[in-house]
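Q: Structure in C-alpha cells, see below.
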Amino acid sequence: MDLRSNVEASIRGTAQTANLHLKIMVENGVAIPEGLVRDLNQADDVADLAAKVKGITGVDRSLLRPEFPATNDEELAARVGRVLFSEPKFASSSMKVAVLDGVVTLTGAIKNAAWRGEIRRLCGGIGGVVEVVDRIDTPETPDAKIQKVLDSIFGVRVVPRFPGYVAAAVTEGEVTLEGHVPRLYDKQAAEHDARGINGVKRVDNRLELRSATAIKVVHP
C-alpha cells in the first residue's frame, strides 16, 4: 500500500477514530487529514496514528475541525479551571489558565512533570478547546539527576529498548536529543518522555527519521 492508504488504515483500524469520516492526503511525506473531530483529544489521536506510519515525516492538522465550535474565551477558561482544579493533585498547584480564540495557555507550576500529558488530555476533552500551550514549570532538578533519568529511558542497556538510537544530554535543564528513530511517532514520544522529567525546561529535538538498516550477509 502507499503512504496515504497506510495512514488511512491506521486511523480506521483504531476504535477511538474508526468512525471518523476523514479525507487523507499525503504530500512529500506529510500526512494531511481533513474533516470533523469530536475534540482536541481526538485530533491528537488522529495525528498520533498518522505519525505511527513509517515514511510519514510530518502531520498537518490544520484541516481538522472541531465538531463543536469554540465558546466565549472567558467562559472556556472558567470551564478548564474547574476541570483541572477538581483533580486533587492539581487543586493545590499554582497553575493559571488563559484562553484566546480557543487556545488554552497554561502557566504556573506543578509538582510532577509526568502530569503534563494528563493535563493536556483533561483540557483536550473540553469542547471549544482547539489547542493547549504548556508553559508550566516543574521543580528545579540538578542536571546530574535529570541525566540519570534520561539514561534510564534511552540507555542502550535499557529493556525494552527505545526504538532506534537516542543520545540524550542535558545542560542547565535543557535537553538535547540526537540520533535516529524509525517513525515520527517515536521522535515525538522521545520529546514527550524528556518533558516528563522534573526540571527539564526545554527540549531540542534533533532526532532524524531513519528506518532500520538491513544487515548484508556475505557468504564465503
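Chains: A, B, ... in order of the C-alpha cells. Residues: from 1 per chain. Ligands: from 1, in order shown.
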Kindly assemble as a Markdown table a list of the range 100-208 of chain A residues that lie within 12 Å of range 40-47 of chain A, each paired with its nearest atom pair and their distance in Å to one decimal, using only C-alpha atoms, sorted first by chain and then by ascending residue number.
A:
```
| residue | atom | partner | partner_atom | distance |
| --- | --- | --- | --- | --- |
| A:Gly102 | CA | A:Leu40 | CA | 10.6 |
| A:Val103 | CA | A:Leu40 | CA | 10.5 |
| A:Val104 | CA | A:Leu40 | CA | 11.2 |
| A:Gly117 | CA | A:Asn41 | CA | 11.0 |
| A:Glu118 | CA | A:Asn41 | CA | 11.0 |
| A:Ile119 | CA | A:Asn41 | CA | 11.4 |
| A:Arg120 | CA | A:Asn41 | CA | 8.3 |
| A:Arg121 | CA | A:Asn41 | CA | 6.2 |
| A:Leu122 | CA | A:Asn41 | CA | 8.7 |
| A:Cys123 | CA | A:Leu40 | CA | 8.3 |
| A:Gly124 | CA | A:Leu40 | CA | 4.7 |
| A:Gly125 | CA | A:Asn41 | CA | 5.8 |
| A:Ile126 | CA | A:Leu40 | CA | 8.0 |
| A:Gly127 | CA | A:Leu40 | CA | 8.1 |
| A:Gly128 | CA | A:Leu40 | CA | 8.5 |
| A:Val129 | CA | A:Leu40 | CA | 6.5 |
| A:Val130 | CA | A:Leu40 | CA | 5.8 |
| A:Glu131 | CA | A:Leu40 | CA | 6.7 |
| A:Val132 | CA | A:Leu40 | CA | 8.8 |
| A:Leu184 | CA | A:Ala47 | CA | 10.3 |
| A:Tyr185 | CA | A:Ala47 | CA | 9.1 |
| A:Gln188 | CA | A:Ala47 | CA | 10.9 |
```
Q: Include N, CA, C and O atoms and write out the residues we just selected as a PDB file, in the first residue's frame.
A:
```
ATOM      1  N   GLY A 102      -9.865  30.082  21.743  1.00  0.00           N
ATOM      2  CA  GLY A 102      -9.935  28.645  21.974  1.00  0.00           C
ATOM      3  C   GLY A 102      -8.622  27.991  22.306  1.00  0.00           C
ATOM      4  O   GLY A 102      -8.577  26.795  22.612  1.00  0.00           O
ATOM      5  N   VAL A 103      -7.514  28.739  22.247  1.00  0.00           N
ATOM      6  CA  VAL A 103      -6.191  28.195  22.587  1.00  0.00           C
ATOM      7  C   VAL A 103      -5.941  28.404  24.080  1.00  0.00           C
ATOM      8  O   VAL A 103      -5.917  29.543  24.556  1.00  0.00           O
ATOM      9  N   VAL A 104      -5.756  27.312  24.801  1.00  0.00           N
ATOM     10  CA  VAL A 104      -5.529  27.357  26.249  1.00  0.00           C
ATOM     11  C   VAL A 104      -4.028  27.454  26.510  1.00  0.00           C
ATOM     12  O   VAL A 104      -3.254  26.628  26.025  1.00  0.00           O
ATOM     13  N   GLY A 117       1.012  15.198  30.324  1.00  0.00           N
ATOM     14  CA  GLY A 117       0.139  14.501  29.389  1.00  0.00           C
ATOM     15  C   GLY A 117      -1.294  14.438  29.885  1.00  0.00           C
ATOM     16  O   GLY A 117      -2.246  14.639  29.121  1.00  0.00           O
ATOM     17  N   GLU A 118      -1.459  14.143  31.172  1.00  0.00           N
ATOM     18  CA  GLU A 118      -2.802  14.069  31.756  1.00  0.00           C
ATOM     19  C   GLU A 118      -3.486  15.435  31.706  1.00  0.00           C
ATOM     20  O   GLU A 118      -4.690  15.529  31.411  1.00  0.00           O
ATOM     21  N   ILE A 119      -2.725  16.485  31.962  1.00  0.00           N
ATOM     22  CA  ILE A 119      -3.283  17.843  31.930  1.00  0.00           C
ATOM     23  C   ILE A 119      -3.780  18.171  30.523  1.00  0.00           C
ATOM     24  O   ILE A 119      -4.872  18.715  30.338  1.00  0.00           O
ATOM     25  N   ARG A 120      -2.980  17.815  29.505  1.00  0.00           N
ATOM     26  CA  ARG A 120      -3.410  18.083  28.131  1.00  0.00           C
ATOM     27  C   ARG A 120      -4.688  17.314  27.803  1.00  0.00           C
ATOM     28  O   ARG A 120      -5.602  17.853  27.168  1.00  0.00           O
ATOM     29  N   ARG A 121      -4.781  16.058  28.228  1.00  0.00           N
ATOM     30  CA  ARG A 121      -5.967  15.254  27.933  1.00  0.00           C
ATOM     31  C   ARG A 121      -7.207  15.822  28.628  1.00  0.00           C
ATOM     32  O   ARG A 121      -8.298  15.825  28.062  1.00  0.00           O
ATOM     33  N   LEU A 122      -7.039  16.297  29.853  1.00  0.00           N
ATOM     34  CA  LEU A 122      -8.173  16.890  30.563  1.00  0.00           C
ATOM     35  C   LEU A 122      -8.671  18.134  29.829  1.00  0.00           C
ATOM     36  O   LEU A 122      -9.875  18.312  29.632  1.00  0.00           O
ATOM     37  N   CYS A 123      -7.738  18.978  29.408  1.00  0.00           N
ATOM     38  CA  CYS A 123      -8.117  20.181  28.659  1.00  0.00           C
ATOM     39  C   CYS A 123      -8.689  19.823  27.297  1.00  0.00           C
ATOM     40  O   CYS A 123      -9.681  20.411  26.841  1.00  0.00           O
ATOM     41  N   GLY A 124      -8.069  18.852  26.635  1.00  0.00           N
ATOM     42  CA  GLY A 124      -8.458  18.482  25.280  1.00  0.00           C
ATOM     43  C   GLY A 124      -9.814  17.834  25.174  1.00  0.00           C
ATOM     44  O   GLY A 124     -10.390  17.755  24.076  1.00  0.00           O
ATOM     45  N   GLY A 125     -10.352  17.362  26.290  1.00  0.00           N
ATOM     46  CA  GLY A 125     -11.679  16.752  26.279  1.00  0.00           C
ATOM     47  C   GLY A 125     -12.801  17.754  26.452  1.00  0.00           C
ATOM     48  O   GLY A 125     -13.976  17.382  26.444  1.00  0.00           O
ATOM     49  N   ILE A 126     -12.443  19.033  26.600  1.00  0.00           N
ATOM     50  CA  ILE A 126     -13.435  20.087  26.800  1.00  0.00           C
ATOM     51  C   ILE A 126     -13.784  20.715  25.454  1.00  0.00           C
ATOM     52  O   ILE A 126     -12.904  21.185  24.726  1.00  0.00           O
ATOM     53  N   GLY A 127     -15.061  20.708  25.111  1.00  0.00           N
ATOM     54  CA  GLY A 127     -15.497  21.280  23.846  1.00  0.00           C
ATOM     55  C   GLY A 127     -15.115  22.736  23.716  1.00  0.00           C
ATOM     56  O   GLY A 127     -15.299  23.515  24.657  1.00  0.00           O
ATOM     57  N   GLY A 128     -14.578  23.124  22.581  1.00  0.00           N
ATOM     58  CA  GLY A 128     -14.167  24.503  22.352  1.00  0.00           C
ATOM     59  C   GLY A 128     -12.677  24.720  22.472  1.00  0.00           C
ATOM     60  O   GLY A 128     -12.154  25.728  21.978  1.00  0.00           O
ATOM     61  N   VAL A 129     -11.961  23.781  23.116  1.00  0.00           N
ATOM     62  CA  VAL A 129     -10.507  23.889  23.226  1.00  0.00           C
ATOM     63  C   VAL A 129      -9.892  23.415  21.914  1.00  0.00           C
ATOM     64  O   VAL A 129     -10.071  22.263  21.514  1.00  0.00           O
ATOM     65  N   VAL A 130      -9.151  24.290  21.243  1.00  0.00           N
ATOM     66  CA  VAL A 130      -8.570  23.933  19.949  1.00  0.00           C
ATOM     67  C   VAL A 130      -7.083  23.592  20.051  1.00  0.00           C
ATOM     68  O   VAL A 130      -6.528  22.927  19.178  1.00  0.00           O
ATOM     69  N   GLU A 131      -6.429  24.046  21.113  1.00  0.00           N
ATOM     70  CA  GLU A 131      -5.012  23.712  21.328  1.00  0.00           C
ATOM     71  C   GLU A 131      -4.649  24.034  22.771  1.00  0.00           C
ATOM     72  O   GLU A 131      -5.332  24.823  23.434  1.00  0.00           O
ATOM     73  N   VAL A 132      -3.590  23.386  23.262  1.00  0.00           N
ATOM     74  CA  VAL A 132      -3.095  23.637  24.618  1.00  0.00           C
ATOM     75  C   VAL A 132      -1.615  23.979  24.524  1.00  0.00           C
ATOM     76  O   VAL A 132      -0.823  23.212  23.972  1.00  0.00           O
ATOM     77  N   LEU A 184       8.020   9.010  12.984  1.00  0.00           N
ATOM     78  CA  LEU A 184       7.733  10.326  13.554  1.00  0.00           C
ATOM     79  C   LEU A 184       7.162  10.176  14.958  1.00  0.00           C
ATOM     80  O   LEU A 184       7.475  10.960  15.857  1.00  0.00           O
ATOM     81  N   TYR A 185       6.325   9.171  15.155  1.00  0.00           N
ATOM     82  CA  TYR A 185       5.726   8.937  16.474  1.00  0.00           C
ATOM     83  C   TYR A 185       6.806   8.728  17.534  1.00  0.00           C
ATOM     84  O   TYR A 185       6.692   9.238  18.654  1.00  0.00           O
ATOM     85  N   GLN A 188       8.417  12.044  18.456  1.00  0.00           N
ATOM     86  CA  GLN A 188       7.544  12.814  19.344  1.00  0.00           C
ATOM     87  C   GLN A 188       7.498  12.199  20.734  1.00  0.00           C
ATOM     88  O   GLN A 188       7.475  12.930  21.743  1.00  0.00           O
TER      89      GLN A 188
END
```
Q: Could you give me the residues within range 114-148 of chain A that DSSP places in alpha helix (DSSP H), as a list of chain:residue names?
A: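 Those in range 114-148 of chain A that DSSP calls alpha helix (DSSP H) are A:Arg116, A:Gly117, A:Glu118, A:Ile119, A:Arg120, A:Arg121, A:Leu122, A:Cys123, A:Gly124, A:Asp143, A:Ala144, A:Lys145, A:Ile146, A:Gln147, A:Lys148.
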Q: Please compute the CA of Asp143 in chain A-CA of Arg206 in chain A distance, one decimal, in Å.
A: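 For CA of Asp143 in chain A relative to CA of Arg206 in chain A, the distance reads 19.5 Å.
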Q: As a list of chain:residue names, please: the residues near Thr141 in chain A (cut-off 10 Å, only C-alpha atoms, same-chain neighbours under 6 positions excluded).
A: A:Glu172, A:Gly173, A:Ile197, A:Asn198, A:Gly199, A:Val200
Q: I'd like the interatomic distance between CA of Arg183 in chain A and CA of Lys52 in chain A, to a tenth of an Å.
A: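 Computing the Euclidean distance for CA of Arg183 in chain A and CA of Lys52 in chain A yields 6.1 Å.
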Q: In range 44-158 of chain A, what's strand (DSSP E) per DSSP? Answer as a short mmCIF file (atom, residue, chain, number, x, y, z; two decimals) with all heavy atoms, in the first residue's frame?
A:
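Saved the output as selection12.cif:
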```cif
data_model
loop_
_atom_site.label_atom_id
_atom_site.label_comp_id
_atom_site.auth_asym_id
_atom_site.auth_seq_id
_atom_site.Cartn_x
_atom_site.Cartn_y
_atom_site.Cartn_z
N GLY A 58 5.78 14.21 8.80
CA GLY A 58 5.09 15.31 9.48
C GLY A 58 3.60 15.11 9.38
O GLY A 58 3.11 14.34 8.55
N VAL A 59 2.85 15.80 10.26
CA VAL A 59 1.39 15.76 10.22
C VAL A 59 0.87 17.19 10.26
O VAL A 59 1.17 17.94 11.20
CB VAL A 59 0.80 14.96 11.39
CG1 VAL A 59 -0.73 14.95 11.31
CG2 VAL A 59 1.33 13.54 11.42
N LEU A 64 -8.24 19.71 10.32
CA LEU A 64 -9.11 19.02 11.27
C LEU A 64 -9.96 20.06 11.98
O LEU A 64 -9.44 21.00 12.58
CB LEU A 64 -8.29 18.22 12.29
CG LEU A 64 -7.58 16.98 11.76
CD1 LEU A 64 -6.71 16.36 12.85
CD2 LEU A 64 -8.57 15.94 11.23
N ARG A 65 -11.27 19.89 11.94
CA ARG A 65 -12.19 20.89 12.51
C ARG A 65 -12.95 20.29 13.68
O ARG A 65 -13.49 19.18 13.57
CB ARG A 65 -13.17 21.39 11.45
CG ARG A 65 -12.50 21.93 10.20
CD ARG A 65 -13.51 22.52 9.22
NE ARG A 65 -14.56 21.57 8.86
CZ ARG A 65 -14.42 20.61 7.94
NH1 ARG A 65 -13.27 20.45 7.31
NH2 ARG A 65 -15.43 19.82 7.65
N PRO A 66 -13.03 21.02 14.80
CA PRO A 66 -13.79 20.50 15.95
C PRO A 66 -15.27 20.45 15.65
O PRO A 66 -15.82 21.33 14.99
CB PRO A 66 -13.48 21.51 17.06
CG PRO A 66 -13.12 22.77 16.34
CD PRO A 66 -12.43 22.33 15.08
N LYS A 96 -2.11 28.54 36.20
CA LYS A 96 -3.02 29.61 35.77
C LYS A 96 -3.47 29.30 34.35
O LYS A 96 -2.70 28.78 33.54
CB LYS A 96 -2.33 30.97 35.84
CG LYS A 96 -1.96 31.41 37.25
CD LYS A 96 -1.27 32.75 37.24
CE LYS A 96 -0.95 33.22 38.66
NZ LYS A 96 -0.05 32.27 39.36
N VAL A 97 -4.71 29.62 34.05
CA VAL A 97 -5.33 29.31 32.76
C VAL A 97 -5.68 30.60 32.03
O VAL A 97 -6.34 31.48 32.59
CB VAL A 97 -6.61 28.47 32.94
CG1 VAL A 97 -7.24 28.17 31.57
CG2 VAL A 97 -6.31 27.17 33.69
N ALA A 98 -5.24 30.70 30.78
CA ALA A 98 -5.64 31.82 29.92
C ALA A 98 -6.12 31.23 28.59
O ALA A 98 -5.58 30.22 28.13
CB ALA A 98 -4.48 32.78 29.69
N VAL A 99 -7.12 31.85 27.99
CA VAL A 99 -7.67 31.34 26.73
C VAL A 99 -7.81 32.50 25.74
O VAL A 99 -8.33 33.56 26.08
CB VAL A 99 -9.05 30.67 26.93
CG1 VAL A 99 -9.61 30.19 25.59
CG2 VAL A 99 -8.96 29.51 27.91
N LEU A 100 -7.35 32.27 24.53
CA LEU A 100 -7.50 33.23 23.44
C LEU A 100 -7.86 32.47 22.18
O LEU A 100 -7.11 31.62 21.71
CB LEU A 100 -6.21 34.04 23.23
CG LEU A 100 -6.26 35.09 22.11
CD1 LEU A 100 -7.31 36.16 22.43
CD2 LEU A 100 -4.89 35.71 21.92
N VAL A 103 -7.51 28.74 22.25
CA VAL A 103 -6.19 28.20 22.59
C VAL A 103 -5.94 28.40 24.08
O VAL A 103 -5.92 29.54 24.56
CB VAL A 103 -5.07 28.86 21.77
CG1 VAL A 103 -3.72 28.33 22.20
CG2 VAL A 103 -5.30 28.62 20.28
N VAL A 104 -5.76 27.31 24.80
CA VAL A 104 -5.53 27.36 26.25
C VAL A 104 -4.03 27.45 26.51
O VAL A 104 -3.25 26.63 26.03
CB VAL A 104 -6.09 26.10 26.94
CG1 VAL A 104 -5.73 26.08 28.43
CG2 VAL A 104 -7.60 26.02 26.75
N THR A 105 -3.61 28.45 27.27
CA THR A 105 -2.22 28.59 27.68
C THR A 105 -2.14 28.39 29.18
O THR A 105 -2.86 29.05 29.94
CB THR A 105 -1.65 29.97 27.32
OG1 THR A 105 -1.71 30.14 25.89
CG2 THR A 105 -0.20 30.10 27.76
N LEU A 106 -1.28 27.45 29.58
CA LEU A 106 -1.13 27.11 31.00
C LEU A 106 0.22 27.59 31.50
O LEU A 106 1.26 27.31 30.89
CB LEU A 106 -1.24 25.59 31.19
CG LEU A 106 -2.56 24.96 30.72
CD1 LEU A 106 -2.47 23.45 30.80
CD2 LEU A 106 -3.73 25.47 31.54
N THR A 107 0.20 28.32 32.60
CA THR A 107 1.44 28.77 33.24
C THR A 107 1.38 28.38 34.71
O THR A 107 0.43 27.72 35.15
CB THR A 107 1.59 30.30 33.10
OG1 THR A 107 0.42 30.95 33.62
CG2 THR A 107 1.79 30.71 31.65
N GLU A 131 -6.43 24.05 21.11
CA GLU A 131 -5.01 23.71 21.33
C GLU A 131 -4.65 24.03 22.77
O GLU A 131 -5.33 24.82 23.43
CB GLU A 131 -4.11 24.50 20.36
CG GLU A 131 -2.64 24.11 20.39
CD GLU A 131 -2.41 22.63 20.21
OE1 GLU A 131 -2.42 21.92 21.25
OE2 GLU A 131 -2.23 22.17 19.07
N VAL A 132 -3.59 23.39 23.26
CA VAL A 132 -3.10 23.64 24.62
C VAL A 132 -1.61 23.98 24.52
O VAL A 132 -0.82 23.21 23.97
CB VAL A 132 -3.29 22.41 25.54
CG1 VAL A 132 -2.70 22.68 26.92
CG2 VAL A 132 -4.77 22.05 25.65
N VAL A 133 -1.25 25.14 25.04
CA VAL A 133 0.14 25.57 25.09
C VAL A 133 0.63 25.39 26.53
O VAL A 133 0.12 26.03 27.45
CB VAL A 133 0.29 27.04 24.66
CG1 VAL A 133 1.75 27.49 24.75
CG2 VAL A 133 -0.23 27.23 23.23
N ASP A 134 1.61 24.51 26.70
CA ASP A 134 2.10 24.16 28.03
C ASP A 134 3.35 24.97 28.36
O ASP A 134 4.42 24.73 27.81
CB ASP A 134 2.41 22.65 28.06
CG ASP A 134 2.94 22.17 29.39
OD1 ASP A 134 3.26 23.01 30.26
OD2 ASP A 134 3.08 20.95 29.56
#
```
